[in-house]
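Peer 1: If you scroll down you'll find the structure; I have some questions about it.
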Amino acid sequence: MRKWTLNLTQDDWQDAAEADAVCDAIKAGELVAIPTETVYGLAADATSSAACAKIFTAKGRPQFNPLISHLPSLEACMEHGIFDEDALKLARAFWPGPLTLVVPKRPQSTICDLATAGLDTVALRVPAGPVMRFLAEKCSLPLAAPSANISGKVSTTTADAVTIDLGASLSFVVDAGPCSVGIESTIVALVDGTPRLLRPGGVPRKDLEAVLGRGLIDASTPAKPDTPQAPGMLSSHYAPSAAVRLNALAVKEGEALLAFGPHKLPGADGAVCEINLSPSGDLEEAAARLFAALRSLDTSGAETICVQTIPKEGLGEAINDRIERAAAPRPNTPS
């Protein structure tokens, strides 16, 4: 694995020899970890079934779980998906940005069936993170890029966390520092005239509804657990090795604490380890720190991580979605 460290305040990295090397690796069907504004992505050529198969193998990801394809512009996305009026409204309002749109797949799209899990829809995003967008344009390919972590485990927001999980599977890891949003993209399906929220994320529901002029229908859990419409919809996901206890009113002996806000829980002084996502109660700060905090608490030796209540408005909806899935019964474990 080779590492390419970028300084995003300078623009010379766009002409660096490493940029050519990364694109050559992607075109050769290799895996590269690339930062976006949300989390680090495990990127591969979305038009190649062989390359996408490496993603599933590296992550241990079920092949029925679709992949998001990242492209440099709305125009590029429209070569692969059919955008109705609502989809165009959302794309124009929030792209580049942390929003994924699931739309009908165009018959002429080159995105492979493995990336779409054999569905007649495709998940598309134009990321605000400049590195992913630049490399998609430079490679002239849609880049399939789920979060760069072991499937079902805590997502990665730093290059070091990526290396711990997936270093042996990577040709390159592109290090541009911590991700600014820190939580995955919001996913909205626009396939039948009714906008549906598949996954809350970096764009709050209220902002989407303001652009659409009407409410989003919830579709946060697939009707069949083996046929999710989009990533992040499995009931157990984003899970640390430790158990997760939600809405804690006090810290029990031997627990680690994921805290939020200025109020200190009873028993917090005896916690094995404590991390406060935002002492001031700022949900943007909490979202940006969530996955790194879960990973750190998971190394504390505690068997359980207790989580202080976090409000569900704004980005709090996405934060709660992640920790509720982290706390869900794990596959092959008693429910």
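Chain labels follow the order of the structure tokens: the first chain is A, the next B, and so on; residue numbering restarts at 1 in every chain, and ligands are counted from 1 in their shown order.
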Residues of range 148-252 of chain A in helix (DSSP H, G or I) according to DSSP, as an MDAnalysis selection string?
Peer 2: chainID A and resid 159:169 205:212
Peer 1: Please produce an output containing all heavy atoms for each residue in the selection, written as a compact mmCIF listing (two decimals), in the first residue's frame.
Peer 2:
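Output file result-v7.txt is given in full below:
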# COMPACT_ATOMS: atom_id res chain seq x y z
N ALA A 159 -7.38 8.70 7.57
CA ALA A 159 -6.59 7.74 6.81
C ALA A 159 -6.01 6.66 7.71
O ALA A 159 -5.89 5.50 7.31
CB ALA A 159 -5.48 8.46 6.06
N ASP A 160 -5.65 7.02 8.95
CA ASP A 160 -5.09 6.02 9.86
C ASP A 160 -6.12 4.93 10.17
O ASP A 160 -5.78 3.74 10.23
CB ASP A 160 -4.64 6.68 11.16
CG ASP A 160 -3.36 7.50 10.99
OD1 ASP A 160 -2.67 7.31 9.96
OD2 ASP A 160 -3.06 8.32 11.87
N ALA A 161 -7.38 5.32 10.37
CA ALA A 161 -8.43 4.33 10.64
C ALA A 161 -8.63 3.41 9.43
O ALA A 161 -8.86 2.21 9.57
CB ALA A 161 -9.73 5.02 11.01
N VAL A 162 -8.55 3.99 8.23
CA VAL A 162 -8.67 3.18 7.01
C VAL A 162 -7.56 2.13 6.97
O VAL A 162 -7.80 0.95 6.67
CB VAL A 162 -8.57 4.07 5.76
CG1 VAL A 162 -8.52 3.21 4.49
CG2 VAL A 162 -9.75 5.02 5.68
N THR A 163 -6.35 2.55 7.26
CA THR A 163 -5.20 1.65 7.19
C THR A 163 -5.35 0.49 8.16
O THR A 163 -5.02 -0.66 7.84
CB THR A 163 -3.90 2.43 7.48
OG1 THR A 163 -3.78 3.50 6.53
CG2 THR A 163 -2.69 1.53 7.37
N ILE A 164 -5.87 0.77 9.35
CA ILE A 164 -6.07 -0.29 10.34
C ILE A 164 -7.05 -1.34 9.80
O ILE A 164 -6.83 -2.55 9.93
CB ILE A 164 -6.59 0.31 11.66
CG1 ILE A 164 -5.49 1.12 12.34
CG2 ILE A 164 -7.09 -0.79 12.59
CD1 ILE A 164 -5.97 1.96 13.51
N ASP A 165 -8.13 -0.89 9.18
CA ASP A 165 -9.17 -1.82 8.71
C ASP A 165 -8.78 -2.52 7.42
O ASP A 165 -8.98 -3.73 7.26
CB ASP A 165 -10.49 -1.06 8.49
CG ASP A 165 -11.38 -1.06 9.71
OD1 ASP A 165 -10.85 -1.26 10.82
OD2 ASP A 165 -12.59 -0.85 9.56
N LEU A 166 -8.25 -1.77 6.45
CA LEU A 166 -8.19 -2.27 5.08
C LEU A 166 -6.83 -2.12 4.40
O LEU A 166 -6.72 -2.37 3.20
CB LEU A 166 -9.24 -1.54 4.22
CG LEU A 166 -10.69 -1.72 4.63
CD1 LEU A 166 -11.58 -0.81 3.78
CD2 LEU A 166 -11.13 -3.17 4.46
N GLY A 167 -5.81 -1.74 5.15
CA GLY A 167 -4.51 -1.43 4.53
C GLY A 167 -4.00 -2.53 3.61
O GLY A 167 -3.45 -2.25 2.55
N ALA A 168 -4.19 -3.78 4.00
CA ALA A 168 -3.65 -4.89 3.21
C ALA A 168 -4.34 -5.04 1.86
O ALA A 168 -3.80 -5.69 0.96
CB ALA A 168 -3.78 -6.19 3.99
N SER A 169 -5.54 -4.45 1.69
CA SER A 169 -6.30 -4.60 0.45
C SER A 169 -6.11 -3.43 -0.51
O SER A 169 -6.65 -3.46 -1.62
CB SER A 169 -7.79 -4.73 0.77
OG SER A 169 -8.05 -5.85 1.59
N ARG A 205 -33.20 16.38 6.78
CA ARG A 205 -34.50 16.17 6.15
C ARG A 205 -35.19 17.50 5.84
O ARG A 205 -35.75 17.69 4.75
CB ARG A 205 -35.37 15.34 7.08
CG ARG A 205 -36.80 15.12 6.59
CD ARG A 205 -37.70 14.68 7.73
NE ARG A 205 -37.31 13.39 8.27
CZ ARG A 205 -37.88 12.23 7.92
NH1 ARG A 205 -38.86 12.22 7.03
NH2 ARG A 205 -37.49 11.09 8.46
N LYS A 206 -35.17 18.42 6.79
CA LYS A 206 -35.94 19.66 6.61
C LYS A 206 -35.43 20.46 5.42
O LYS A 206 -36.22 21.13 4.74
CB LYS A 206 -35.90 20.51 7.88
CG LYS A 206 -34.53 20.99 8.31
CD LYS A 206 -34.59 21.84 9.57
CE LYS A 206 -33.21 22.28 10.02
NZ LYS A 206 -32.49 23.08 9.02
N ASP A 207 -34.13 20.39 5.14
CA ASP A 207 -33.57 21.11 4.01
C ASP A 207 -34.04 20.50 2.69
O ASP A 207 -34.34 21.20 1.72
CB ASP A 207 -32.05 21.11 4.07
CG ASP A 207 -31.51 21.89 5.27
OD1 ASP A 207 -32.31 22.59 5.92
OD2 ASP A 207 -30.30 21.79 5.55
N LEU A 208 -34.09 19.17 2.65
CA LEU A 208 -34.59 18.48 1.45
C LEU A 208 -36.05 18.80 1.21
O LEU A 208 -36.48 19.08 0.09
CB LEU A 208 -34.40 16.97 1.62
CG LEU A 208 -32.96 16.48 1.77
CD1 LEU A 208 -32.93 15.06 2.31
CD2 LEU A 208 -32.22 16.55 0.45
N GLU A 209 -36.84 18.75 2.28
CA GLU A 209 -38.28 18.98 2.15
C GLU A 209 -38.57 20.41 1.73
O GLU A 209 -39.53 20.67 1.00
CB GLU A 209 -38.97 18.62 3.46
CG GLU A 209 -38.93 17.11 3.75
CD GLU A 209 -39.55 16.73 5.08
OE1 GLU A 209 -39.65 17.61 5.97
OE2 GLU A 209 -39.93 15.56 5.25
N ALA A 210 -37.72 21.34 2.17
CA ALA A 210 -37.91 22.75 1.78
C ALA A 210 -37.72 22.92 0.27
O ALA A 210 -38.46 23.67 -0.38
CB ALA A 210 -36.93 23.64 2.54
N VAL A 211 -36.78 22.20 -0.30
CA VAL A 211 -36.55 22.29 -1.76
C VAL A 211 -37.65 21.58 -2.52
O VAL A 211 -38.14 22.06 -3.55
CB VAL A 211 -35.17 21.69 -2.11
CG1 VAL A 211 -35.02 21.52 -3.62
CG2 VAL A 211 -34.06 22.59 -1.57
N LEU A 212 -38.09 20.42 -2.02
CA LEU A 212 -39.14 19.66 -2.70
C LEU A 212 -40.51 20.29 -2.57
O LEU A 212 -41.39 20.10 -3.42
CB LEU A 212 -39.19 18.23 -2.15
CG LEU A 212 -38.01 17.32 -2.48
CD1 LEU A 212 -38.11 16.04 -1.66
CD2 LEU A 212 -37.97 17.01 -3.96
Peer 1: Write out, as a Markdown table, each residue of range 97-209 of chain A that has an atom at most 9 Å from range 11-30 of chain A, together with the closest pair of atoms and their distance in Å to one decimal, counting only C-alpha atoms, rows going by chain and rising number.
Peer 2:
| residue | atom | partner | partner_atom | distance |
| --- | --- | --- | --- | --- |
| A:Val131 | CA | A:Gln14 | CA | 8.7 |
| A:Phe134 | CA | A:Gln14 | CA | 7.9 |
| A:Leu135 | CA | A:Cys23 | CA | 6.9 |
| A:Ala136 | CA | A:Cys23 | CA | 8.7 |
| A:Lys138 | CA | A:Cys23 | CA | 7.2 |
| A:Cys139 | CA | A:Cys23 | CA | 5.5 |
| A:Leu141 | CA | A:Lys27 | CA | 8.5 |
| A:Leu143 | CA | A:Ile26 | CA | 8.7 |
| A:Ser169 | CA | A:Glu30 | CA | 8.8 |
| A:Leu170 | CA | A:Glu30 | CA | 7.4 |
| A:Ser171 | CA | A:Glu30 | CA | 6.3 |
| A:Phe172 | CA | A:Val22 | CA | 6.8 |
| A:Val174 | CA | A:Val22 | CA | 8.8 |
Peer 1: Okay, now the selection with all heavy atoms, as an mmCIF file, in the first residue's frame?
Peer 2:
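Resulting contents of part_17.cif:
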data_model
loop_
_atom_site.group_PDB
_atom_site.id
_atom_site.type_symbol
_atom_site.label_atom_id
_atom_site.label_comp_id
_atom_site.auth_asym_id
_atom_site.auth_seq_id
_atom_site.Cartn_x
_atom_site.Cartn_y
_atom_site.Cartn_z
ATOM 1 N N VAL A 131 -11.207 15.739 -3.590
ATOM 2 C CA VAL A 131 -10.310 14.679 -4.062
ATOM 3 C C VAL A 131 -11.095 13.611 -4.828
ATOM 4 O O VAL A 131 -10.711 13.209 -5.936
ATOM 5 C CB VAL A 131 -9.537 14.050 -2.887
ATOM 6 C CG1 VAL A 131 -8.538 13.011 -3.408
ATOM 7 C CG2 VAL A 131 -8.802 15.115 -2.093
ATOM 8 N N PHE A 134 -12.341 15.119 -8.119
ATOM 9 C CA PHE A 134 -11.223 15.298 -9.044
ATOM 10 C C PHE A 134 -10.793 13.973 -9.661
ATOM 11 O O PHE A 134 -10.597 13.873 -10.883
ATOM 12 C CB PHE A 134 -10.049 15.951 -8.298
ATOM 13 C CG PHE A 134 -8.716 15.786 -8.966
ATOM 14 C CD1 PHE A 134 -8.427 16.443 -10.158
ATOM 15 C CD2 PHE A 134 -7.748 14.960 -8.417
ATOM 16 C CE1 PHE A 134 -7.193 16.296 -10.771
ATOM 17 C CE2 PHE A 134 -6.514 14.798 -9.022
ATOM 18 C CZ PHE A 134 -6.240 15.465 -10.204
ATOM 19 N N LEU A 135 -10.670 12.930 -8.836
ATOM 20 C CA LEU A 135 -10.202 11.649 -9.357
ATOM 21 C C LEU A 135 -11.236 10.990 -10.258
ATOM 22 O O LEU A 135 -10.882 10.344 -11.245
ATOM 23 C CB LEU A 135 -9.807 10.731 -8.205
ATOM 24 C CG LEU A 135 -8.527 11.139 -7.465
ATOM 25 C CD1 LEU A 135 -8.308 10.285 -6.231
ATOM 26 C CD2 LEU A 135 -7.308 11.042 -8.392
ATOM 27 N N ALA A 136 -12.528 11.169 -9.944
ATOM 28 C CA ALA A 136 -13.562 10.634 -10.833
ATOM 29 C C ALA A 136 -13.471 11.292 -12.202
ATOM 30 O O ALA A 136 -13.607 10.627 -13.242
ATOM 31 C CB ALA A 136 -14.945 10.846 -10.216
ATOM 32 N N LYS A 138 -10.720 12.825 -13.480
ATOM 33 C CA LYS A 138 -9.436 12.506 -14.093
ATOM 34 C C LYS A 138 -9.431 11.084 -14.671
ATOM 35 O O LYS A 138 -8.863 10.842 -15.737
ATOM 36 C CB LYS A 138 -8.314 12.660 -13.061
ATOM 37 C CG LYS A 138 -6.909 12.497 -13.640
ATOM 38 C CD LYS A 138 -5.853 12.817 -12.604
ATOM 39 C CE LYS A 138 -4.448 12.651 -13.165
ATOM 40 N NZ LYS A 138 -4.141 13.603 -14.250
ATOM 41 N N CYS A 139 -10.087 10.161 -13.965
ATOM 42 C CA CYS A 139 -10.158 8.779 -14.451
ATOM 43 C C CYS A 139 -11.200 8.611 -15.554
ATOM 44 O O CYS A 139 -11.197 7.588 -16.252
ATOM 45 C CB CYS A 139 -10.518 7.837 -13.304
ATOM 46 S SG CYS A 139 -9.251 7.639 -12.038
ATOM 47 N N LEU A 141 -14.255 7.957 -15.049
ATOM 48 C CA LEU A 141 -15.012 6.777 -14.622
ATOM 49 C C LEU A 141 -15.894 7.129 -13.429
ATOM 50 O O LEU A 141 -15.503 7.941 -12.582
ATOM 51 C CB LEU A 141 -14.062 5.667 -14.169
ATOM 52 C CG LEU A 141 -13.227 4.949 -15.223
ATOM 53 C CD1 LEU A 141 -12.168 4.095 -14.533
ATOM 54 C CD2 LEU A 141 -14.111 4.091 -16.117
ATOM 55 N N LEU A 143 -16.867 6.231 -9.842
ATOM 56 C CA LEU A 143 -16.131 5.514 -8.806
ATOM 57 C C LEU A 143 -17.095 4.958 -7.765
ATOM 58 O O LEU A 143 -17.754 5.720 -7.050
ATOM 59 C CB LEU A 143 -15.101 6.429 -8.143
ATOM 60 C CG LEU A 143 -14.028 7.018 -9.066
ATOM 61 C CD1 LEU A 143 -13.036 7.837 -8.254
ATOM 62 C CD2 LEU A 143 -13.310 5.923 -9.849
ATOM 63 N N SER A 169 -5.537 -4.454 1.692
ATOM 64 C CA SER A 169 -6.299 -4.603 0.446
ATOM 65 C C SER A 169 -6.112 -3.432 -0.511
ATOM 66 O O SER A 169 -6.649 -3.463 -1.617
ATOM 67 C CB SER A 169 -7.793 -4.734 0.775
ATOM 68 O OG SER A 169 -8.046 -5.853 1.595
ATOM 69 N N LEU A 170 -5.360 -2.403 -0.090
ATOM 70 C CA LEU A 170 -5.308 -1.155 -0.840
ATOM 71 C C LEU A 170 -4.057 -1.029 -1.690
ATOM 72 O O LEU A 170 -2.961 -1.441 -1.280
ATOM 73 C CB LEU A 170 -5.366 0.035 0.121
ATOM 74 C CG LEU A 170 -6.615 0.155 0.987
ATOM 75 C CD1 LEU A 170 -6.441 1.291 1.992
ATOM 76 C CD2 LEU A 170 -7.849 0.392 0.132
ATOM 77 N N SER A 171 -4.230 -0.426 -2.855
ATOM 78 C CA SER A 171 -3.087 0.004 -3.655
ATOM 79 C C SER A 171 -2.582 1.353 -3.154
ATOM 80 O O SER A 171 -1.379 1.568 -3.039
ATOM 81 C CB SER A 171 -3.487 0.100 -5.124
ATOM 82 O OG SER A 171 -2.450 0.646 -5.895
ATOM 83 N N PHE A 172 -3.510 2.266 -2.861
ATOM 84 C CA PHE A 172 -3.201 3.600 -2.334
ATOM 85 C C PHE A 172 -4.175 3.939 -1.217
ATOM 86 O O PHE A 172 -5.337 3.525 -1.249
ATOM 87 C CB PHE A 172 -3.375 4.679 -3.416
ATOM 88 C CG PHE A 172 -2.174 4.978 -4.243
ATOM 89 C CD1 PHE A 172 -2.000 4.378 -5.485
ATOM 90 C CD2 PHE A 172 -1.210 5.887 -3.813
ATOM 91 C CE1 PHE A 172 -0.907 4.664 -6.278
ATOM 92 C CE2 PHE A 172 -0.112 6.176 -4.599
ATOM 93 C CZ PHE A 172 0.045 5.570 -5.826
ATOM 94 N N VAL A 174 -5.248 7.769 0.078
ATOM 95 C CA VAL A 174 -5.052 9.198 -0.134
ATOM 96 C C VAL A 174 -5.425 9.913 1.156
ATOM 97 O O VAL A 174 -6.591 9.878 1.579
ATOM 98 C CB VAL A 174 -5.912 9.699 -1.309
ATOM 99 C CG1 VAL A 174 -5.634 11.190 -1.558
ATOM 100 C CG2 VAL A 174 -5.636 8.896 -2.581
#
Peer 1: Would you mind listing what lies within 12 Å of Asp282 in chain A as JSON, numbers by chain, with only C-alpha atoms counted and same-chain residues fewer than 2 positions away left out?
Peer 2: {"A": [260, 261, 262, 276, 277, 278, 279, 280, 284, 285, 286, 287, 288, 289, 310, 311, 313, 314, 315, 316, 319]}
Peer 1: Please provide the set of residues having any atom within 10 Å of Cys179 in chain A, restricted to only C-alpha atoms, with same-chain residues fewer than 6 positions apart removed, written as a PDB file with N, CA, C and O atoms, in the first residue's frame.
Peer 2:
ATOM      1  N   PRO A  35     -10.627  10.205   0.498  1.00  0.00           N
ATOM      2  CA  PRO A  35     -11.502  10.955   1.401  1.00  0.00           C
ATOM      3  C   PRO A  35     -12.593  11.691   0.629  1.00  0.00           C
ATOM      4  O   PRO A  35     -12.388  12.172  -0.481  1.00  0.00           O
ATOM      5  N   THR A  36     -13.767  11.756   1.238  1.00  0.00           N
ATOM      6  CA  THR A  36     -14.814  12.673   0.793  1.00  0.00           C
ATOM      7  C   THR A  36     -15.111  13.603   1.967  1.00  0.00           C
ATOM      8  O   THR A  36     -14.473  13.509   3.016  1.00  0.00           O
ATOM      9  N   GLU A  37     -16.090  14.480   1.800  1.00  0.00           N
ATOM     10  CA  GLU A  37     -16.467  15.340   2.918  1.00  0.00           C
ATOM     11  C   GLU A  37     -17.194  14.561   4.012  1.00  0.00           C
ATOM     12  O   GLU A  37     -17.270  15.002   5.162  1.00  0.00           O
ATOM     13  N   THR A  38     -17.719  13.380   3.663  1.00  0.00           N
ATOM     14  CA  THR A  38     -18.508  12.598   4.619  1.00  0.00           C
ATOM     15  C   THR A  38     -17.614  11.638   5.394  1.00  0.00           C
ATOM     16  O   THR A  38     -17.352  11.820   6.574  1.00  0.00           O
ATOM     17  N   VAL A  39     -17.150  10.564   4.732  1.00  0.00           N
ATOM     18  CA  VAL A  39     -16.225   9.592   5.315  1.00  0.00           C
ATOM     19  C   VAL A  39     -15.226   9.202   4.226  1.00  0.00           C
ATOM     20  O   VAL A  39     -15.353   9.606   3.081  1.00  0.00           O
ATOM     21  N   TYR A  40     -14.227   8.412   4.589  1.00  0.00           N
ATOM     22  CA  TYR A  40     -13.318   7.876   3.581  1.00  0.00           C
ATOM     23  C   TYR A  40     -14.028   6.778   2.790  1.00  0.00           C
ATOM     24  O   TYR A  40     -14.752   5.960   3.358  1.00  0.00           O
ATOM     25  N   GLY A 129     -16.322  16.724  -1.383  1.00  0.00           N
ATOM     26  CA  GLY A 129     -14.899  16.473  -1.163  1.00  0.00           C
ATOM     27  C   GLY A 129     -14.146  16.564  -2.479  1.00  0.00           C
ATOM     28  O   GLY A 129     -14.440  15.811  -3.419  1.00  0.00           O
ATOM     29  N   THR A 156     -14.943   5.047   8.677  1.00  0.00           N
ATOM     30  CA  THR A 156     -13.647   5.681   8.904  1.00  0.00           C
ATOM     31  C   THR A 156     -13.676   7.137   8.453  1.00  0.00           C
ATOM     32  O   THR A 156     -14.168   7.462   7.365  1.00  0.00           O
ATOM     33  N   THR A 157     -13.116   8.007   9.276  1.00  0.00           N
ATOM     34  CA  THR A 157     -13.051   9.431   8.950  1.00  0.00           C
ATOM     35  C   THR A 157     -11.624   9.953   8.923  1.00  0.00           C
ATOM     36  O   THR A 157     -11.403  11.147   8.754  1.00  0.00           O
ATOM     37  N   THR A 158     -10.636   9.057   9.088  1.00  0.00           N
ATOM     38  CA  THR A 158      -9.223   9.422   8.975  1.00  0.00           C
ATOM     39  C   THR A 158      -8.497   8.336   8.183  1.00  0.00           C
ATOM     40  O   THR A 158      -8.922   7.172   8.156  1.00  0.00           O
ATOM     41  N   ALA A 159      -7.379   8.703   7.573  1.00  0.00           N
ATOM     42  CA  ALA A 159      -6.588   7.737   6.809  1.00  0.00           C
ATOM     43  C   ALA A 159      -6.012   6.659   7.714  1.00  0.00           C
ATOM     44  O   ALA A 159      -5.894   5.497   7.308  1.00  0.00           O
ATOM     45  N   ALA A 288     -19.508  15.141  13.023  1.00  0.00           N
ATOM     46  CA  ALA A 288     -18.139  15.056  12.525  1.00  0.00           C
ATOM     47  C   ALA A 288     -17.267  14.168  13.399  1.00  0.00           C
ATOM     48  O   ALA A 288     -16.304  13.557  12.918  1.00  0.00           O
ATOM     49  N   ARG A 289     -17.601  14.042  14.672  1.00  0.00           N
ATOM     50  CA  ARG A 289     -16.756  13.295  15.607  1.00  0.00           C
ATOM     51  C   ARG A 289     -17.274  11.888  15.907  1.00  0.00           C
ATOM     52  O   ARG A 289     -16.588  11.102  16.569  1.00  0.00           O
TER      53      ARG A 289
END
Peer 1: Between CA of Ala115 in chain A and CA of Ala43 in chain A, what is the distance, to one decimal in Å?
Peer 2: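 These two atoms are separated by 11.6 Å.
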Peer 1: For range 299-301 of chain A, find every residue with an atom within 12 Å (counting only C-alpha atoms), except residues of its own chain fewer than 2 positions away, and show them as an MDAnalysis selection string.
Peer 2: chainID A and resid 240:243 254:258 271:275 292:297 303:305
Peer 1: Could you dump the residues just selected with N, CA, C and O atoms as a tab-separated table (two decimals), in the first residue's frame?
Peer 2:
chain	number	residue	atom	x	y	z
A	240	PRO	N	-19.48	-1.20	16.59
A	240	PRO	CA	-18.21	-1.51	17.23
A	240	PRO	C	-18.24	-2.93	17.77
A	240	PRO	O	-19.28	-3.60	17.76
A	241	SER	N	-17.11	-3.42	18.25
A	241	SER	CA	-17.09	-4.76	18.85
A	241	SER	C	-17.85	-4.77	20.17
A	241	SER	O	-18.50	-5.77	20.51
A	242	ALA	N	-17.78	-3.69	20.92
A	242	ALA	CA	-18.51	-3.59	22.19
A	242	ALA	C	-20.01	-3.46	21.93
A	242	ALA	O	-20.44	-2.98	20.88
A	243	ALA	N	-20.81	-3.90	22.89
A	243	ALA	CA	-22.24	-3.66	22.83
A	243	ALA	C	-22.51	-2.16	22.99
A	243	ALA	O	-21.68	-1.42	23.54
A	254	GLY	N	-18.02	-0.36	34.59
A	254	GLY	CA	-17.35	-1.05	33.50
A	254	GLY	C	-17.71	-0.55	32.12
A	254	GLY	O	-17.20	-1.07	31.12
A	255	GLU	N	-18.59	0.45	32.01
A	255	GLU	CA	-18.99	0.96	30.71
A	255	GLU	C	-18.11	2.13	30.26
A	255	GLU	O	-17.60	2.88	31.09
A	256	ALA	N	-17.99	2.27	28.94
A	256	ALA	CA	-17.45	3.49	28.35
A	256	ALA	C	-18.63	4.40	28.01
A	256	ALA	O	-19.75	3.93	27.80
A	257	LEU	N	-18.39	5.70	27.95
A	257	LEU	CA	-19.47	6.67	27.77
A	257	LEU	C	-19.26	7.50	26.52
A	257	LEU	O	-18.22	8.13	26.35
A	258	LEU	N	-20.27	7.49	25.66
A	258	LEU	CA	-20.35	8.44	24.55
A	258	LEU	C	-21.31	9.53	24.98
A	258	LEU	O	-22.53	9.35	24.99
A	271	ALA	N	-16.55	6.00	34.48
A	271	ALA	CA	-16.55	5.36	33.17
A	271	ALA	C	-15.14	4.88	32.82
A	271	ALA	O	-14.15	5.52	33.17
A	272	VAL	N	-15.06	3.75	32.13
A	272	VAL	CA	-13.77	3.26	31.66
A	272	VAL	C	-13.10	4.29	30.76
A	272	VAL	O	-11.89	4.50	30.82
A	273	CYS	N	-13.91	4.95	29.95
A	273	CYS	CA	-13.42	5.99	29.05
A	273	CYS	C	-14.62	6.86	28.70
A	273	CYS	O	-15.74	6.36	28.61
A	274	GLU	N	-14.41	8.16	28.50
A	274	GLU	CA	-15.49	9.06	28.13
A	274	GLU	C	-15.06	9.96	26.98
A	274	GLU	O	-13.96	10.52	27.01
A	275	ILE	N	-15.92	10.08	26.00
A	275	ILE	CA	-15.72	11.05	24.92
A	275	ILE	C	-17.03	11.81	24.75
A	275	ILE	O	-18.09	11.19	24.59
A	292	ALA	N	-15.15	8.49	14.76
A	292	ALA	CA	-13.84	8.44	15.42
A	292	ALA	C	-14.01	8.17	16.92
A	292	ALA	O	-13.22	7.43	17.52
A	293	ALA	N	-15.05	8.75	17.51
A	293	ALA	CA	-15.30	8.53	18.94
A	293	ALA	C	-15.68	7.08	19.22
A	293	ALA	O	-15.19	6.47	20.18
A	294	LEU	N	-16.56	6.51	18.39
A	294	LEU	CA	-16.94	5.11	18.58
A	294	LEU	C	-15.73	4.19	18.46
A	294	LEU	O	-15.56	3.24	19.24
A	295	ARG	N	-14.88	4.46	17.48
A	295	ARG	CA	-13.68	3.64	17.31
A	295	ARG	C	-12.76	3.76	18.53
A	295	ARG	O	-12.19	2.76	19.00
A	296	SER	N	-12.60	4.96	19.04
A	296	SER	CA	-11.72	5.15	20.19
A	296	SER	C	-12.29	4.46	21.43
A	296	SER	O	-11.56	3.77	22.16
A	297	LEU	N	-13.59	4.61	21.68
A	297	LEU	CA	-14.20	3.97	22.85
A	297	LEU	C	-14.14	2.45	22.73
A	297	LEU	O	-14.03	1.74	23.74
A	303	GLU	N	-16.84	-3.57	27.74
A	303	GLU	CA	-17.71	-4.49	27.01
A	303	GLU	C	-18.94	-3.77	26.46
A	303	GLU	O	-19.56	-4.24	25.51
A	304	THR	N	-19.27	-2.62	27.05
A	304	THR	CA	-20.45	-1.88	26.62
A	304	THR	C	-20.12	-0.39	26.52
A	304	THR	O	-19.42	0.16	27.37
A	305	ILE	N	-20.62	0.24	25.46
A	305	ILE	CA	-20.56	1.69	25.31
A	305	ILE	C	-21.96	2.22	25.56
A	305	ILE	O	-22.91	1.87	24.83
Peer 1: What is the distance between CA of Pro130 in chain A and CA of Pro96 in chain A, in Å to one decimal?
Peer 2: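 We find that CA of Pro130 in chain A and CA of Pro96 in chain A lie 9.3 Å from each other.
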Peer 1: Could you tell me which of A:Leu124, A:Ala144, A:Leu71, A:Leu6 comes closest to Ser185 in chain A if we count only C-alpha atoms?
Peer 2: A:Leu124
Peer 1: Mind checking which residues fall within 12 Å of Asp86 in chain A, counting only C-alpha atoms, ignoring those fewer than 4 positions away in the same chain, and posting them as JSON, numbers by chain?
Peer 2: {"A": [82, 90, 91, 92, 93, 101, 102, 103, 188, 189, 190, 191, 192, 193, 194, 195, 196, 208, 209, 210, 211, 212, 213, 214, 216]}
Peer 1: List every residue of range 75-149 of chain A that DSSP, applied to the backbone of this structure, places in strand (DSSP E or B), and write the result as a VMD selection string.
Peer 2: chain A and resid 81 99 to 105 121 to 125 143 to 144 147
Peer 1: One decimal, in Å: what's the spacing between CA of Arg2 in chain A and CA of Pro72 in chain A?
Peer 2: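 Going from CA of Arg2 in chain A over to CA of Pro72 in chain A covers 24.3 Å.
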Peer 1: Taking only C-alpha atoms into account, name the residue in A:Gly152, A:Gly182, A:Gly267, A:Pro204 that is nearest to Arg325 in chain A.
Peer 2: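 Checking each of A:Gly152, A:Gly182, A:Gly267, A:Pro204 against Arg325 in chain A, counting only C-alpha atoms, the winner is A:Gly152.
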Peer 1: Can you work out which one of A:Lys153, A:Lys264, A:Lys105, A:His70 has the shortest atom-to-atom distance to Ala128 in chain A, counting only C-alpha atoms?
Peer 2: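 Smallest distance to Ala128 in chain A is found for A:His70.
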